[in-house]
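See below for the structure under consideration.
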Amino acid sequence: MMSKNEHISVRIPSFNENYSEIRRPKSYWRAWNQLSRFQRSLIYMLVIISFFMVLYFIPNTDNVILNVDGSERTTINRNVLVGESKHDEVFAGPTNDRQRAIVEAFRHAWTGYKKFAWGHDNLKPISEGYSEWFGLGLTIVDSIDTIYIMGLKEGTIVDSIDTIYIMGLKEEYEDARNWIEEHLHFTNNRDVNLFEVTIRVLGGLLGIYHLTGDRMFLNKALDLGDRLLPSFATETGIPYSDINLFTKTAHPPKWSPDSSTAEVTTIQLEFRDLSRASGDPKYENAVRKISEHIHNLHKQDGLVPIFINPNSGQFSYYEYLLKQWLQTGKTIDFFRDDYLQAIDGIQKSLVKRTLPNGFLFLGELLAGGKDFKPKMDHLTCFLPGTLALGTHHGLPTSHLKLAEELLTTCYQTYAQQPTFLAPEITYFNIPNSENTNDIYVKTNDAHNLLRPEFIESLWYMHQLNGNSTYQDWGWEIFQAFEKYTKVTNGYTSIGNVRNAAAVKPKDMMESFFLGETLKYLYLLFGDDPKVLDLDRYVLNSEAHPLPVYNS
Ligand SMILES: *[C@@H]1O[C@H](CO)[C@@H](O)[C@H](O)[C@H]1NC(C)=O
């Protein structure tokens, strides 16, 4: 505002200009009178048509939002959203056989969930039951935007190649929406994890709000945001990791006095978006403190500490650095700079190659940087996608090279298993280790939880270079899910990817299978790269799309 006041430009019209401005209306009037009645009607019609067109395209500027108690929130003007245009037309339903197969898989999973676990967090598809984690209907909230993205707009039913899929999803969308409206309350008297609830539930509600403009979702998000905020009432502003949504009391995890750095730095996208969407700055203010605190920590200690303990969770901190830079319209430089430094550090300290085939992987550094562990969690396979996203936005092309090589290694973690499914953790053969194969798996790490990270990266890479190999890889993996994880009532995690004859089903379908894995597969097989345009949306770490803002 200050700078605006300092730069008010005052235009003083010259006498000549003044004179002509006074004259002009008269000559217009004369010209108007000389028109025929037909010409005048034509102009009237054009004016009316333009008026309605302007009305249609003007974004919704009505910012009044009700508090939970029904009172009106004070609002500030929303920033103009880059991503907030009518986007419905692109969610036109599946356009090819692969996409149709994914929608079918989604419906299969959803049907089981609805039958045996409706309103609960996760389906146990084999015992025909459910498991409760936070008691927040996680599968519904996590996957309602997947349903939406897979296409349900009424207008598209006529045009769609396959009406039935669209109709089916419309019904599923309405079931999900109604459940959220009527049954999603944040009054369970139990502790929830700030990070998990933020990325899944807050992110899920905001994602579907931005896709549909349905205020009910935003009001739910605000209720949840208000209940999560007490976590931040600490001396440093670094939030406690656990909070009871009913009593609104927060505390650190039972097993440690600290909150995990990775977790508290992976909630900013959602809280910032909640402020931008509602006009109430308090959520963004709360997380800004964390960002600044962590940023200053780096300056103090140098970069080393973030690389010493790069368990996969901590990589998501790098992801959020980049995505916050994008979310704020590339206006906050320190996000980009910290991200670039982090990737430099990764390249220097963590990147190694396997024997004998030279696959590139990221290992882990423990014990003050002395103890290198040649192992990589499947979770790390989201990183190629993040790197590619950065490159798309002008960051160094060397990142893309790293992304391609890492993606190839991630593919190997799938392709080298007899099930064509990756284990949770893969070890790599480096000089002086006793193995002969490039990669190997330990018994305790041989499970597969239907995780999305590799598919996520395939989608980003395919978005950015259109290489259809990435679609083919995704299709191969989907076939493996179909073959080894599909059961009568849904899909299940398995205990052993190393034995195609005995995969040991674990009787668990995590919400992220519907919320992320199937969403990214559907998007990956899409023909139109402008669906969830990467210049208009950032996807949070649970695949919920949030708009890019100007600042
Ligand atoms: C597509 O990606 C694959 C896997 O990385 C690579 O082998 C192939 O050369 C790429 N094709 C093109 C045309 O870039």
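Each chain in the structure tokens gets a letter, A, B and so on, in the order shown; residues start at 1 in every chain, and ligands are counted from 1 in the order they appear.
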Kindly provide the residues of chain A that approach ligand 1 to within 8 Å, each paired with its closest atom pair and their distance in Å to one decimal, based on only C-alpha atoms and all ligand atoms, listed by chain and increasing number, as a Markdown table.
| residue | atom | partner | partner_atom_place_in_ligand_line | distance |
| --- | --- | --- | --- | --- |
| A:Glu404 | CA | ligand 1 | 5 (O) | 6.0 |
| A:Glu405 | CA | ligand 1 | 5 (O) | 7.4 |
| A:Leu407 | CA | ligand 1 | 5 (O) | 7.5 |
| A:Thr408 | CA | ligand 1 | 5 (O) | 6.2 |
| A:Asn465 | CA | ligand 1 | 14 (O) | 7.9 |
| A:Asn467 | CA | ligand 1 | 1 (C) | 4.9 |
| A:Ser468 | CA | ligand 1 | 1 (C) | 6.7 |
| A:Thr469 | CA | ligand 1 | 1 (C) | 5.1 |
| A:Tyr470 | CA | ligand 1 | 2 (O) | 6.6 |
message: Can you tell me, as a ChimeraX atom specification, which residues in region 185-400 of chain A count as strand (DSSP E) by DSSP?
response: /A:191-193,242-244,249-251,351-353,360-362,364-366,371-373,375-377
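Take the candidates A:Leu546, A:Leu514, A:Leu539, A:Val487 and check each one against Leu450 (chain A) using only C-alpha atoms; the shortest distance goes to A:Leu514.
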What's around Pro239 (chain A) at 8 Å? Count only C-alpha atoms, leave out sequence neighbours fewer than 5 positions away in its own chain, and write the answer as a PDB file with N, CA, C and O atoms, in the first residue's frame.
ATOM      1  N   SER A 231      -2.409 -25.887  18.133  1.00  0.00           N
ATOM      2  CA  SER A 231      -1.100 -26.561  18.057  1.00  0.00           C
ATOM      3  C   SER A 231       0.039 -25.561  17.976  1.00  0.00           C
ATOM      4  O   SER A 231       1.160 -25.851  18.362  1.00  0.00           O
ATOM      5  N   PHE A 232      -0.264 -24.381  17.432  1.00  0.00           N
ATOM      6  CA  PHE A 232       0.799 -23.413  17.169  1.00  0.00           C
ATOM      7  C   PHE A 232       1.102 -22.522  18.361  1.00  0.00           C
ATOM      8  O   PHE A 232       2.005 -21.708  18.311  1.00  0.00           O
ATOM      9  N   ALA A 233       0.310 -22.667  19.426  1.00  0.00           N
ATOM     10  CA  ALA A 233       0.500 -21.793  20.586  1.00  0.00           C
ATOM     11  C   ALA A 233       1.668 -22.287  21.429  1.00  0.00           C
ATOM     12  O   ALA A 233       1.517 -22.693  22.574  1.00  0.00           O
ATOM     13  N   THR A 234       2.868 -22.253  20.838  1.00  0.00           N
ATOM     14  CA  THR A 234       4.072 -22.630  21.577  1.00  0.00           C
ATOM     15  C   THR A 234       4.999 -21.426  21.592  1.00  0.00           C
ATOM     16  O   THR A 234       4.750 -20.446  20.894  1.00  0.00           O
ATOM     17  N   SER A 259       8.704 -32.053  17.918  1.00  0.00           N
ATOM     18  CA  SER A 259       7.917 -32.360  16.742  1.00  0.00           C
ATOM     19  C   SER A 259       8.903 -32.581  15.594  1.00  0.00           C
ATOM     20  O   SER A 259       9.965 -31.986  15.567  1.00  0.00           O
ATOM     21  N   VAL A 264       6.365 -30.581  10.539  1.00  0.00           N
ATOM     22  CA  VAL A 264       5.879 -29.208  10.737  1.00  0.00           C
ATOM     23  C   VAL A 264       6.187 -28.305   9.551  1.00  0.00           C
ATOM     24  O   VAL A 264       5.651 -27.211   9.457  1.00  0.00           O
TER      25      VAL A 264
END
task: Tell me which protein, DNA and RNA residues are within 7 Å of Tyr173 (chain A), counting only C-alpha atoms, leaving out same-chain ones fewer than 2 positions away, and put them as a list in words.
output: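 Returned residues: Ile144, Ile147, Tyr148, Leu169, Lys170, Glu171, Asp175, Ala176 and Arg177 of chain A.
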message: Give me, as a VMD selection string, the residues of region 328-496 of chain A that a backbone DSSP run labels helix (DSSP H, G or I).
response: chain A and resid 333 to 349 367 to 369 378 to 392 398 to 415 443 to 445 453 to 465 469 to 484
message: Report as a list in words all protein, DNA and RNA residues lying within 9 Å of Asp121 (chain A), evaluated on only C-alpha atoms, omitting residues in the same chain fewer than 6 positions from it.
response: Tyr130, Ser131, Glu132, Trp133, Phe134, Gly135, Leu136, Gly137, Leu138, Thr139, Ile140, Glu510 and Ser511 of chain A
Write out the residues from the selection above, keeping N, CA, C and O atoms, as an mmCIF file, in the first residue's frame.
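Saved file out13.cif follows:
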data_model
loop_
_atom_site.group_PDB
_atom_site.id
_atom_site.type_symbol
_atom_site.label_atom_id
_atom_site.label_comp_id
_atom_site.auth_asym_id
_atom_site.auth_seq_id
_atom_site.Cartn_x
_atom_site.Cartn_y
_atom_site.Cartn_z
ATOM 1 N N TYR A 130 -13.338 -52.438 8.808
ATOM 2 C CA TYR A 130 -12.679 -51.148 8.615
ATOM 3 C C TYR A 130 -11.647 -50.938 9.692
ATOM 4 O O TYR A 130 -11.632 -51.647 10.706
ATOM 5 N N SER A 131 -10.756 -49.979 9.475
ATOM 6 C CA SER A 131 -9.847 -49.590 10.535
ATOM 7 C C SER A 131 -9.981 -48.088 10.750
ATOM 8 O O SER A 131 -10.212 -47.331 9.805
ATOM 9 N N GLU A 132 -9.901 -47.705 11.989
ATOM 10 C CA GLU A 132 -10.069 -46.300 12.352
ATOM 11 C C GLU A 132 -8.730 -45.748 12.812
ATOM 12 O O GLU A 132 -8.010 -46.401 13.559
ATOM 13 N N TRP A 133 -8.393 -44.559 12.305
ATOM 14 C CA TRP A 133 -7.136 -43.930 12.702
ATOM 15 C C TRP A 133 -7.462 -42.630 13.435
ATOM 16 O O TRP A 133 -7.179 -42.473 14.608
ATOM 17 N N PHE A 134 -8.080 -41.712 12.717
ATOM 18 C CA PHE A 134 -8.493 -40.459 13.349
ATOM 19 C C PHE A 134 -10.011 -40.373 13.489
ATOM 20 O O PHE A 134 -10.538 -39.456 14.101
ATOM 21 N N GLY A 135 -10.723 -41.307 12.847
ATOM 22 C CA GLY A 135 -12.179 -41.239 12.879
ATOM 23 C C GLY A 135 -12.721 -40.068 12.087
ATOM 24 O O GLY A 135 -13.630 -39.376 12.507
ATOM 25 N N LEU A 136 -12.138 -39.819 10.926
ATOM 26 C CA LEU A 136 -12.552 -38.664 10.117
ATOM 27 C C LEU A 136 -12.948 -39.072 8.696
ATOM 28 O O LEU A 136 -12.839 -38.279 7.771
ATOM 29 N N GLY A 137 -13.379 -40.304 8.523
ATOM 30 C CA GLY A 137 -13.797 -40.733 7.190
ATOM 31 C C GLY A 137 -12.739 -40.460 6.134
ATOM 32 O O GLY A 137 -13.026 -39.995 5.041
ATOM 33 N N LEU A 138 -11.484 -40.799 6.471
ATOM 34 C CA LEU A 138 -10.354 -40.400 5.629
ATOM 35 C C LEU A 138 -10.520 -40.782 4.164
ATOM 36 O O LEU A 138 -10.181 -40.008 3.270
ATOM 37 N N THR A 139 -11.036 -41.968 3.893
ATOM 38 C CA THR A 139 -11.126 -42.408 2.499
ATOM 39 C C THR A 139 -12.050 -41.490 1.704
ATOM 40 O O THR A 139 -11.774 -41.168 0.546
ATOM 41 N N ILE A 140 -13.127 -41.032 2.328
ATOM 42 C CA ILE A 140 -14.052 -40.140 1.615
ATOM 43 C C ILE A 140 -13.396 -38.784 1.363
ATOM 44 O O ILE A 140 -13.375 -38.280 0.241
ATOM 45 N N GLU A 510 -5.415 -48.389 2.130
ATOM 46 C CA GLU A 510 -5.170 -47.041 2.658
ATOM 47 C C GLU A 510 -5.927 -46.006 1.823
ATOM 48 O O GLU A 510 -6.091 -46.170 0.610
ATOM 49 N N SER A 511 -6.294 -44.914 2.462
ATOM 50 C CA SER A 511 -7.059 -43.881 1.750
ATOM 51 C C SER A 511 -6.264 -43.296 0.584
ATOM 52 O O SER A 511 -6.833 -42.872 -0.415
#
statement: Of A:Ile126, A:Ile238, A:Leu523, A:Met150, the one nearest to Thr485 (chain A) when counting only C-alpha atoms is A:Ile126
message: List as a PyMOL selection string the protein and nucleic acid residues near Cys410 (chain A), meaning an atom at most 9 Å away when only C-alpha atoms are counted, but skip any in the same chain fewer than 3 places from it.
response: chain A and resi 361+378+380-381+405-407+413-415+422+454
